[in-house]
$ cat work-v5.txt   # compact mmCIF, C-alpha atoms
# COMPACT_ATOMS: atom_id res chain seq x y z
CA CYS A 1 -5.09 43.77 9.06
CA ARG A 2 -3.97 40.49 10.61
CA ARG A 3 -5.71 37.16 10.39
CA VAL A 4 -4.89 33.90 12.17
CA ALA A 5 -6.04 30.82 10.24
CA THR A 6 -7.41 28.13 12.57
CA ALA A 7 -8.15 25.70 9.72
CA PHE A 8 -7.04 25.07 6.16
CA ASP A 9 -8.20 27.95 3.95
CA GLY A 10 -7.41 27.26 0.29
CA PRO A 11 -8.43 30.67 -1.16
CA LEU A 12 -6.48 32.54 1.53
CA THR A 13 -3.38 30.43 0.91
CA ALA A 14 -3.66 31.10 -2.84
CA ARG A 15 -3.90 34.87 -2.25
CA LEU A 16 -0.81 34.81 -0.03
CA LEU A 17 1.13 32.87 -2.66
CA ASP A 18 0.13 35.43 -5.29
CA LEU A 19 1.82 38.12 -3.20
CA LEU A 20 5.19 36.38 -3.40
CA THR A 21 6.52 38.36 -6.35
CA PRO A 22 10.09 39.62 -7.00
CA ASP A 23 9.22 43.29 -6.39
CA ARG A 24 8.02 42.44 -2.87
CA MET A 25 11.09 40.49 -1.79
CA VAL A 26 13.87 41.57 0.55
CA VAL A 27 17.46 40.53 -0.16
CA LEU A 28 19.87 40.64 2.77
CA LEU A 29 23.57 41.00 1.90
CA LYS A 30 25.96 40.38 4.78
CA SER A 31 29.73 40.69 4.34
CA THR A 32 32.69 42.27 6.14
CA THR A 33 33.72 43.92 2.87
CA LEU A 34 30.46 45.87 2.87
CA ALA A 35 30.74 47.11 6.45
CA ALA A 36 33.33 49.79 5.60
CA ASN A 37 30.85 51.43 3.23
CA VAL A 38 28.20 51.81 5.94
CA THR A 39 29.45 54.52 8.30
CA GLY A 40 26.23 56.01 9.48
CA ASN A 41 27.11 59.32 7.86
CA SER A 42 26.00 58.55 4.32
CA THR A 43 22.51 59.23 3.06
CA GLY A 44 20.28 56.17 3.57
CA ASP A 45 22.35 54.59 6.34
CA ALA A 46 20.23 53.34 9.26
CA THR A 47 20.73 51.76 12.65
CA GLU A 48 18.87 48.60 13.62
CA PRO A 49 16.92 49.55 16.78
CA HIS A 50 17.51 46.41 18.88
CA TYR A 51 21.15 45.54 18.26
CA GLY A 52 22.46 48.87 16.93
CA THR A 53 23.67 47.33 13.67
CA LEU A 54 24.39 49.83 10.93
CA HIS A 55 22.86 48.93 7.59
CA ARG A 56 21.90 50.57 4.32
CA PRO A 57 18.59 49.75 2.54
CA LEU A 58 18.88 49.84 -1.24
CA ASP A 59 16.30 49.50 -3.96
CA LEU A 60 16.61 46.38 -6.05
CA PRO A 61 18.00 47.13 -9.53
CA PRO A 62 15.28 47.08 -12.23
CA ALA A 63 17.41 44.75 -14.35
CA LEU A 64 17.49 42.20 -11.51
CA LEU A 65 13.73 42.38 -11.03
CA ALA A 66 13.20 41.91 -14.76
CA ARG A 67 15.40 38.79 -14.78
CA LEU A 68 13.62 37.36 -11.76
CA ALA A 69 10.17 38.05 -13.24
CA ALA A 70 11.08 36.21 -16.46
CA PRO A 71 13.99 33.88 -15.64
CA PRO A 72 15.70 31.97 -18.44
CA ALA A 73 14.73 28.34 -18.79
CA VAL A 74 17.28 25.89 -17.36
CA ALA A 75 16.50 22.25 -18.07
CA SER A 76 18.33 20.97 -14.99
CA LEU A 77 16.22 23.26 -12.76
CA SER A 78 12.83 22.40 -14.20
CA LEU A 79 10.08 21.29 -11.86
CA PRO A 80 9.00 17.64 -11.89
CA ALA A 81 5.61 16.69 -13.24
CA ALA A 82 2.78 17.49 -10.90
CA ASN A 83 1.70 14.65 -8.60
CA ALA A 84 -1.61 13.59 -10.14
CA LEU A 85 -2.66 11.85 -6.91
CA LEU A 86 -2.68 15.02 -4.79
CA PRO A 87 -6.29 15.80 -3.83
CA ASP A 88 -7.76 19.24 -4.41
CA SER A 89 -11.26 18.49 -3.16
CA PHE A 90 -12.35 17.16 0.22
CA THR A 91 -16.08 17.07 -0.45
CA LEU A 92 -17.99 14.76 1.88
CA LEU A 93 -20.87 12.50 0.94
CA SER A 94 -24.22 13.63 2.23
CA GLY A 95 -27.14 11.59 3.45
CA ALA A 96 -28.40 9.84 6.53
CA PRO A 97 -25.73 7.87 8.43
CA PRO A 98 -25.95 4.10 7.93
CA GLY A 99 -26.92 1.79 10.75
CA ARG A 100 -24.35 1.38 13.49
CA HIS A 101 -23.36 -2.13 12.40
CA GLU A 102 -24.63 -2.06 8.84
CA PRO A 103 -22.39 -4.29 6.66
CA PRO A 104 -21.40 -3.45 3.09
CA ALA A 105 -24.12 -4.32 0.61
CA LEU A 106 -23.67 -6.49 -2.46
CA ALA A 107 -24.20 -4.22 -5.46
CA ASP A 108 -26.74 -5.03 -8.14
CA GLY A 109 -25.44 -6.94 -11.13
CA ALA A 110 -23.26 -9.32 -9.15
CA THR A 111 -22.52 -12.65 -10.81
CA THR A 112 -21.00 -15.92 -9.66
CA THR A 113 -17.56 -14.66 -10.77
CA ARG A 114 -17.74 -10.93 -9.93
CA ARG A 115 -18.98 -9.23 -6.75
CA LEU A 116 -18.85 -5.61 -5.61
CA TRP A 117 -19.45 -4.83 -1.93
CA HIS A 118 -20.05 -1.18 -1.11
CA LEU A 119 -20.82 0.95 1.95
CA ALA A 120 -20.86 4.76 1.72
CA ASP A 121 -19.88 6.26 5.05
CA THR A 122 -21.61 9.46 6.14
CA THR A 123 -21.06 8.97 9.85
CA TYR A 124 -17.46 9.96 10.51
CA LYS A 125 -17.35 12.93 8.09
CA LEU A 126 -13.86 12.15 6.76
CA PRO A 127 -12.78 12.52 3.10
CA THR A 128 -11.18 9.07 3.14
CA ALA A 129 -12.02 5.59 1.93
CA GLU A 130 -10.69 2.04 1.83
CA VAL A 131 -10.65 -0.26 -1.19
CA ARG A 132 -9.75 -3.93 -1.46
CA VAL A 133 -9.79 -5.79 -4.77
CA ARG A 134 -9.25 -9.53 -4.66
CA TRP A 135 -8.64 -11.96 -7.52
CA ALA A 136 -8.98 -15.66 -6.72
CA VAL A 137 -6.32 -17.38 -8.86
CA PRO A 138 -6.29 -21.15 -8.16
CA GLU A 139 -2.68 -21.72 -9.29
CA VAL A 140 -1.33 -19.39 -6.57
CA GLY A 141 -2.38 -21.61 -3.68
CA ALA A 142 -2.41 -24.94 -5.47
CA SER A 143 1.26 -25.70 -4.81
CA ALA A 144 4.37 -24.43 -3.10
CA GLU A 145 5.64 -23.35 -6.53
CA GLY A 146 2.61 -21.13 -7.07
CA GLY A 147 2.95 -19.51 -3.66
CA VAL A 148 6.67 -18.88 -4.12
CA MET A 149 6.24 -17.34 -7.57
CA ALA A 150 3.42 -15.12 -6.30
CA SER A 151 5.69 -13.87 -3.50
CA LEU A 152 8.52 -13.20 -5.97
CA LEU A 153 6.17 -11.25 -8.22
CA SER A 154 5.03 -9.17 -5.26
CA SER A 155 8.63 -8.40 -4.29
CA ILE A 156 9.61 -7.38 -7.84
CA LEU A 157 6.46 -5.31 -8.23
CA ALA A 158 7.16 -3.42 -5.00
CA GLU A 159 10.52 -2.30 -6.41
CA GLN A 160 9.07 -1.39 -9.81
CA ARG A 161 6.33 0.68 -8.17
CA ARG A 162 8.66 2.57 -5.84
CA SER A 163 8.16 5.94 -7.58
CA ASP A 164 4.39 5.48 -7.88
CA ARG A 165 4.10 4.44 -4.24
CA TYR A 166 6.11 7.51 -3.22
CA ASP A 167 3.69 9.80 -5.08
CA ALA A 168 0.77 8.05 -3.40
CA GLU A 169 2.29 8.40 0.06
CA ARG A 170 2.95 12.12 -0.51
CA ALA A 171 -0.74 12.44 -1.40
CA GLY A 172 -1.93 10.66 1.74
CA ILE A 173 -2.68 7.35 0.00
CA SER A 174 -1.34 3.82 0.36
CA ALA A 175 -1.88 1.29 -2.43
CA ASP A 176 -0.13 -2.08 -2.29
CA VAL A 177 -0.29 -5.34 -4.21
CA SER A 178 0.26 -8.57 -2.31
CA PRO A 179 -0.27 -12.30 -2.76
CA SER A 180 -2.89 -13.98 -0.63
CA THR A 181 -3.98 -17.52 0.10
CA PHE A 182 -6.30 -17.44 -2.91
CA GLY A 183 -4.51 -15.18 -5.38
CA PHE A 184 -3.70 -11.47 -5.38
CA GLU A 185 -5.09 -8.46 -3.55
CA VAL A 186 -4.84 -4.71 -4.00
CA ASP A 187 -5.30 -2.86 -0.71
CA ALA A 188 -5.67 0.91 -0.85
CA SER A 189 -6.69 3.58 1.64
CA GLY A 190 -6.42 7.34 2.05
CA PHE A 191 -8.01 10.49 0.66
CA SER A 192 -10.95 9.38 -1.41
CA GLN A 193 -10.81 11.79 -4.37
CA ARG A 194 -7.78 10.19 -6.07
CA LEU A 195 -8.04 6.75 -4.47
CA PRO A 196 -9.64 5.13 -7.56
CA GLU A 197 -6.70 6.36 -9.68
CA ALA A 198 -4.21 4.90 -7.18
CA VAL A 199 -5.98 1.53 -7.41
CA ARG A 200 -6.02 1.72 -11.22
CA ARG A 201 -2.25 2.34 -11.28
CA ALA A 202 -1.58 -0.60 -8.97
CA VAL A 203 -3.65 -2.96 -11.13
CA ALA A 204 -2.02 -1.66 -14.31
CA ALA A 205 1.42 -2.35 -12.83
CA VAL A 206 0.48 -6.01 -12.36
CA THR A 207 -0.93 -6.45 -15.85
CA SER A 208 2.00 -4.76 -17.62
CA MET A 209 4.99 -5.82 -15.52
CA GLN A 210 8.18 -7.01 -17.19
CA ILE A 211 10.82 -9.01 -15.31
CA SER A 212 14.57 -8.68 -15.80
CA ASP A 213 17.22 -11.19 -14.77
CA ASP A 214 18.62 -8.77 -12.19
CA GLU A 215 15.21 -8.18 -10.64
CA LEU A 216 14.57 -11.91 -10.35
CA ALA A 217 18.00 -12.57 -8.84
CA LEU A 218 17.46 -9.90 -6.18
CA ALA A 219 13.96 -11.15 -5.34
CA LYS A 220 15.17 -14.76 -5.04
CA GLU A 221 18.03 -13.68 -2.78
CA LYS A 222 15.66 -11.81 -0.48
CA TYR A 223 13.25 -14.76 -0.37
CA ALA A 224 16.10 -17.21 0.37
CA ARG A 225 17.28 -15.00 3.25
CA ALA A 226 13.76 -14.98 4.67
CA LEU A 227 13.64 -18.78 4.49
CA ALA A 228 17.01 -19.01 6.23
CA ALA A 229 15.74 -16.74 8.99
CA THR A 230 12.73 -19.03 9.42
CA LEU A 231 15.02 -21.99 10.10
CA THR A 232 16.70 -20.12 12.95
CA GLU A 233 13.45 -19.57 14.85
CA GLN A 234 12.81 -21.39 18.08
CA PRO A 235 10.82 -24.60 17.51
CA ALA A 236 7.95 -23.44 19.70
CA GLU A 237 7.73 -20.14 17.81
CA ARG A 238 7.66 -21.85 14.43
CA ALA A 239 5.02 -24.34 15.55
CA SER A 240 2.92 -21.49 16.95
CA GLN A 241 3.04 -19.70 13.60
CA LEU A 242 1.86 -22.81 11.82
CA THR A 243 -0.97 -23.19 14.33
CA SER A 244 -2.22 -19.75 13.34
CA LYS A 245 -2.35 -20.84 9.69
CA VAL A 246 -4.27 -24.06 10.20
CA LEU A 247 -7.63 -22.48 9.48
CA ALA A 248 -6.52 -19.88 6.94
CA GLU A 249 -4.10 -21.27 4.39
CA VAL A 250 -1.84 -24.07 3.34
CA ALA A 251 1.39 -23.57 5.32
CA TYR A 252 4.08 -24.96 3.06
CA LEU A 253 7.16 -25.89 5.04
CA PRO A 254 10.50 -24.11 4.46
CA ALA A 255 11.95 -27.17 2.73
CA GLU A 256 9.05 -27.23 0.25
CA ARG A 257 9.38 -23.52 -0.50
CA SER A 258 13.16 -23.74 -0.79
CA SER A 259 12.87 -26.56 -3.31
CA ALA A 260 10.30 -24.59 -5.31
CA LEU A 261 12.51 -21.49 -5.25
CA GLN A 262 15.40 -23.33 -6.91
CA ASN A 263 13.23 -24.17 -9.91
CA VAL A 264 12.07 -20.60 -10.63
CA THR A 265 13.52 -19.10 -13.82
CA ARG A 266 12.78 -15.81 -15.54
CA ALA A 267 10.99 -17.68 -18.32
CA ASN A 268 8.58 -19.63 -16.11
CA LEU A 269 8.02 -16.65 -13.79
CA ALA A 270 7.23 -14.44 -16.79
CA ALA A 271 4.80 -17.08 -18.06
CA PHE A 272 3.22 -17.25 -14.61
CA ALA A 273 2.86 -13.45 -14.47
CA ASP A 274 1.52 -13.05 -18.00
CA GLY A 275 -2.22 -12.54 -17.69
CA ILE A 276 -2.24 -13.79 -14.10
CA LEU A 277 -5.26 -11.69 -13.07
CA GLY A 278 -7.13 -12.71 -16.19
CA ARG A 279 -6.88 -16.33 -15.06
CA ALA A 280 -8.84 -15.59 -11.89
CA VAL A 281 -12.08 -17.47 -11.29
CA LEU A 282 -13.50 -14.84 -8.95
CA LYS A 283 -13.06 -11.08 -8.54
CA GLU A 284 -14.38 -9.31 -5.46
CA THR A 285 -14.16 -5.60 -4.64
CA LEU A 286 -14.86 -3.94 -1.30
CA VAL A 287 -15.31 -0.15 -1.16
CA ILE A 288 -15.99 1.56 2.17
CA GLY A 289 -15.90 5.25 3.02
CA ASN A 290 -16.34 8.57 1.25
CA LEU A 291 -17.05 7.06 -2.17
CA ASP A 292 -20.55 6.60 -3.57
CA ALA A 293 -21.78 3.79 -5.80
CA ALA A 294 -21.00 5.76 -8.96
CA ALA A 295 -17.33 5.89 -7.91
CA ALA A 296 -17.20 2.32 -6.61
CA ARG A 297 -18.48 0.71 -9.81
CA PRO A 298 -15.58 1.84 -12.08
CA ILE A 299 -13.06 0.58 -9.50
CA HIS A 300 -14.67 -2.85 -9.70
CA ASP A 301 -15.02 -2.81 -13.50
CA ASP A 302 -11.42 -1.70 -14.17
CA GLY A 303 -8.74 -4.24 -14.93
CA PRO A 304 -8.92 -7.95 -15.76
CA ARG A 305 -12.02 -9.89 -14.84
CA PRO A 306 -12.81 -13.60 -14.78
CA PRO A 307 -14.40 -15.04 -17.91
CA PRO A 308 -18.17 -15.55 -17.57
CA ASP A 309 -17.79 -19.33 -17.70
CA ALA A 310 -15.11 -19.52 -15.00
CA GLN A 311 -15.66 -22.32 -12.50
CA VAL A 312 -15.60 -20.89 -8.98
CA THR A 313 -14.28 -23.63 -6.73
CA ALA A 314 -14.94 -23.88 -3.01
CA ALA A 315 -11.30 -23.02 -2.35
CA ALA A 316 -11.87 -19.58 -3.84
CA THR A 317 -14.76 -18.71 -1.56
CA GLN A 318 -14.16 -20.35 1.83
CA ARG A 319 -11.59 -19.69 4.53
CA ILE A 320 -10.83 -23.32 5.35
CA ALA A 321 -8.03 -24.67 3.22
CA ASN A 322 -9.01 -27.60 1.04
CA LEU A 323 -5.84 -29.70 0.90
CA GLU A 324 -7.37 -32.31 -1.39
CA GLY A 325 -6.40 -35.18 0.87
CA ARG A 326 -3.00 -33.81 1.90
CA TRP A 327 -2.09 -33.25 5.50
CA VAL A 328 1.11 -32.43 7.31
CA GLN A 329 2.10 -33.41 10.82
CA TYR A 330 4.77 -31.14 12.26
CA ALA A 331 6.17 -31.81 15.75
CA GLU A 332 9.06 -30.10 17.51
CA ALA A 333 11.15 -31.04 20.52
CA ALA A 334 11.07 -29.00 23.69
CA ALA A 335 12.64 -25.54 23.55
CA HIS A 336 14.16 -26.13 27.01
CA PRO A 337 15.70 -29.65 27.29
CA LYS A 338 15.52 -29.58 31.11
CA GLU A 339 11.77 -29.01 30.93
CA ALA A 340 10.68 -31.86 28.73
CA GLN A 341 7.02 -30.86 28.62
CA SER A 342 7.47 -27.11 28.29
CA ALA A 343 7.11 -26.59 24.55
CA VAL A 344 5.90 -29.61 22.64
CA LYS A 345 3.50 -28.63 19.88
CA LEU A 346 1.73 -30.63 17.23
CA VAL A 347 0.24 -28.97 14.14
CA VAL A 348 -2.05 -30.87 11.79
CA GLN A 349 -3.41 -29.30 8.62
CA LEU A 350 -6.95 -30.39 7.92
CA GLY A 351 -9.08 -30.17 4.82
CA ARG A 352 -12.26 -28.16 4.42
CA LEU A 353 -14.68 -28.51 7.33
CA PRO A 354 -18.41 -27.86 7.71
CA ILE A 355 -19.05 -24.47 9.27
CA GLN A 356 -19.94 -25.85 12.71
CA GLU A 357 -16.83 -28.06 12.87
CA ALA A 358 -14.73 -25.13 11.62
CA ALA A 359 -16.02 -22.99 14.50
CA VAL A 360 -15.10 -25.73 16.98
CA ALA A 361 -11.65 -25.98 15.40
CA GLN A 362 -11.16 -22.24 15.78
CA LEU A 363 -12.03 -22.43 19.48
CA LEU A 364 -9.65 -25.36 19.97
CA SER A 365 -6.91 -23.50 18.10
CA ALA A 366 -7.34 -20.47 20.35
CA ALA A 367 -7.35 -22.69 23.45
CA ILE A 368 -4.16 -24.57 22.70
CA SER A 369 -2.29 -21.38 21.90
CA GLN A 370 -2.74 -20.17 25.48
CA PRO A 371 0.00 -20.81 28.11
$ encode --input "work-v5.txt" --output "structure tokens"
Amino acid sequence: CRRVATAFDGPLTARLLDLLTPDRMVVLLKSTTLAANVTGNSTGDATEPHYGTLHRPLDLPPALLARLAAPPAVASLSLPAANALLPDSFTLLSGAPPGRHEPPALADGATTTRRLWHLADTTYKLPTAEVRVRWAVPEVGASAEGGVMASLLSSILAEQRRSDRYDAERAGISADVSPSTFGFEVDASGFSQRLPEAVRRAVAAVTSMQISDDELALAKEKYARALAATLTEQPAERASQLTSKVLAEVAYLPAERSSALQNVTRANLAAFADGILGRAVLKETLVIGNLDAAAARPIHDDGPRPPPDAQVTAAATQRIANLEGRWVQYAEAAAHPKEAQSAVKLVVQLGRLPIQEAAVAQLLSAAISQP
């Protein structure tokens, strides 16, 4: 009986694996020293029908089968721990599909400092989901020092989580921690069954991280190289990058970041990292995909949360950077000296704008970025 599997069949695969036992195996021995013993005249000798090769089938010795059935334990050959993030269920949520453009809904119980946005997807019939958890930590974006230290923490954390990230990738999941304009974010996506555990591990890595001198030195070296590369960019390219940041974040100049980098020590970085998520003034979680509300709520509740009396500032909730009176004018000479007007750009960072003025600024930003 033959069967061709056109889709993943777990029970069938398990039955096939159960058949892979020592008494069903075939061992092929090939050597010129054995050829003289196979003459074709001895009992059991056979000729391979296609190529005419003489061979002799032999039964496997019972002692060998017994050793293979119960092999001795060898510590150096032991299997690694099972990957706990591998899914074993691809159950899909049921229910009527949401509206075509239905946005995630704000879950009940939201407060001024904690919000959970959730949308269960029953349209695309995929066992996947996306999760984003965001902590608004004012000290991250309040100065160049805060931004630099947040970037260093992210770099060190990426190295410390290398093994965990590998397990996640092998299980079809990505889960990364990164600094943002307002604080820190955990972005995760992939198979939904183990996705909450991947998010929990990422958050736990932030709250329990320890920093060594070697890790800090490597992170600072990488950051310094990135700053040096920034200085080699064409003036027009650098100005264009700053233009794209006008409405999203404070774009600290390379000189400001370089100065802040020199002042970072293991002691002040460790103090910055200690309880960093617990100093957030706002925590928001977005869950979209093959996860219901019962699964989304623990993701939001896990990990540090802002204290109930935290003061949520406008900078933590709006997308227009509030520079508190600061502004930076950044002008560059032409990229091509013979064409004096070819690439002169001016970037001005503004404070927080009313929504209508912000929309006008966005349109102007898009217009001036065109050729």
$ closest_residue --input "work-v5.txt" --among "A:Asp45, A:Asp292, A:Asp23, A:Glu159" --to "Leu64 of chain A" --atoms "all atoms listed in the file"
A:Asp23
$ closest_residue --input "work-v5.txt" --among "A:Asn83, A:Thr285, A:Leu291, A:Thr43" --to "Arg305 of chain A" --atoms "all atoms listed in the file"
A:Thr285
$ closest_residue --input "work-v5.txt" --among "A:Leu253, A:Ala136, A:Ala228, A:Leu12" --to "Pro179 of chain A" --atoms "only C-alpha atoms"
A:Ala136
$ atom_distance --input "work-v5.txt" --atom1 "atom CA of Val137 of chain A" --atom2 "atom CA of Val281 of chain A"
6.3 Å
$ atom_distance --input "work-v5.txt" --atom1 "atom CA of Leu227 of chain A" --atom2 "atom CA of Arg279 of chain A"
28.4 Å
$ decode --input "work-v5.txt" --residues "segment 262-272 of chain A" --atoms "all heavy atoms" --output "short mmCIF file (atom, residue, chain, number, x, y, z; two decimals), in the first residue's frame"
data_model
loop_
_atom_site.label_atom_id
_atom_site.label_comp_id
_atom_site.auth_asym_id
_atom_site.auth_seq_id
_atom_site.Cartn_x
_atom_site.Cartn_y
_atom_site.Cartn_z
N GLN A 262 30.85 58.98 25.02
CA GLN A 262 32.09 59.01 25.79
C GLN A 262 31.84 58.96 27.29
O GLN A 262 32.71 58.51 28.06
CB GLN A 262 32.88 60.29 25.45
CG GLN A 262 33.21 60.44 23.98
CD GLN A 262 33.95 59.25 23.41
OE1 GLN A 262 34.88 58.73 24.05
NE2 GLN A 262 33.56 58.80 22.23
N ASN A 263 30.67 59.40 27.71
CA ASN A 263 30.38 59.49 29.15
C ASN A 263 29.72 58.23 29.71
O ASN A 263 29.43 58.17 30.91
CB ASN A 263 29.48 60.69 29.43
CG ASN A 263 30.16 62.00 29.06
OD1 ASN A 263 31.37 62.15 29.22
ND2 ASN A 263 29.38 62.96 28.56
N VAL A 264 29.46 57.23 28.85
CA VAL A 264 28.76 56.03 29.31
C VAL A 264 29.76 55.09 29.98
O VAL A 264 30.78 54.72 29.40
CB VAL A 264 28.07 55.31 28.15
CG1 VAL A 264 27.41 54.01 28.64
CG2 VAL A 264 27.00 56.21 27.53
N THR A 265 29.48 54.70 31.22
CA THR A 265 30.27 53.72 31.94
C THR A 265 29.38 52.52 32.29
O THR A 265 28.14 52.61 32.19
CB THR A 265 30.85 54.31 33.23
OG1 THR A 265 29.75 54.63 34.13
CG2 THR A 265 31.65 55.56 32.94
N ARG A 266 30.00 51.44 32.71
CA ARG A 266 29.20 50.27 33.08
C ARG A 266 28.30 50.60 34.27
O ARG A 266 27.16 50.13 34.34
CB ARG A 266 30.10 49.09 33.42
CG ARG A 266 29.32 47.79 33.59
CD ARG A 266 30.24 46.60 33.78
NE ARG A 266 30.86 46.62 35.09
CZ ARG A 266 30.31 46.08 36.19
NH1 ARG A 266 29.11 45.51 36.11
NH2 ARG A 266 30.94 46.13 37.34
N ALA A 267 28.79 51.42 35.19
CA ALA A 267 28.00 51.74 36.37
C ALA A 267 26.75 52.55 36.01
O ALA A 267 25.64 52.21 36.44
CB ALA A 267 28.86 52.52 37.37
N ASN A 268 26.92 53.62 35.19
CA ASN A 268 25.72 54.41 34.90
C ASN A 268 24.80 53.71 33.90
O ASN A 268 23.59 53.92 33.91
CB ASN A 268 26.08 55.83 34.43
CG ASN A 268 26.91 55.85 33.17
OD1 ASN A 268 26.93 54.91 32.38
ND2 ASN A 268 27.65 56.95 32.97
N LEU A 269 25.35 52.84 33.03
CA LEU A 269 24.48 52.08 32.14
C LEU A 269 23.69 51.04 32.92
O LEU A 269 22.50 50.82 32.66
CB LEU A 269 25.30 51.41 31.03
CG LEU A 269 24.48 50.68 29.96
CD1 LEU A 269 23.56 51.65 29.23
CD2 LEU A 269 25.39 49.96 28.97
N ALA A 270 24.35 50.40 33.90
CA ALA A 270 23.65 49.42 34.74
C ALA A 270 22.54 50.10 35.54
O ALA A 270 21.45 49.55 35.71
CB ALA A 270 24.64 48.71 35.66
N ALA A 271 22.82 51.29 36.04
CA ALA A 271 21.79 52.03 36.78
C ALA A 271 20.63 52.42 35.88
O ALA A 271 19.47 52.40 36.28
CB ALA A 271 22.42 53.28 37.42
N PHE A 272 20.96 52.77 34.63
CA PHE A 272 19.92 53.12 33.66
C PHE A 272 19.06 51.90 33.34
O PHE A 272 17.83 52.00 33.22
CB PHE A 272 20.60 53.64 32.39
CG PHE A 272 19.65 54.01 31.28
CD1 PHE A 272 19.02 55.23 31.25
CD2 PHE A 272 19.41 53.11 30.24
CE1 PHE A 272 18.15 55.57 30.22
CE2 PHE A 272 18.55 53.44 29.20
CZ PHE A 272 17.92 54.68 29.19
#
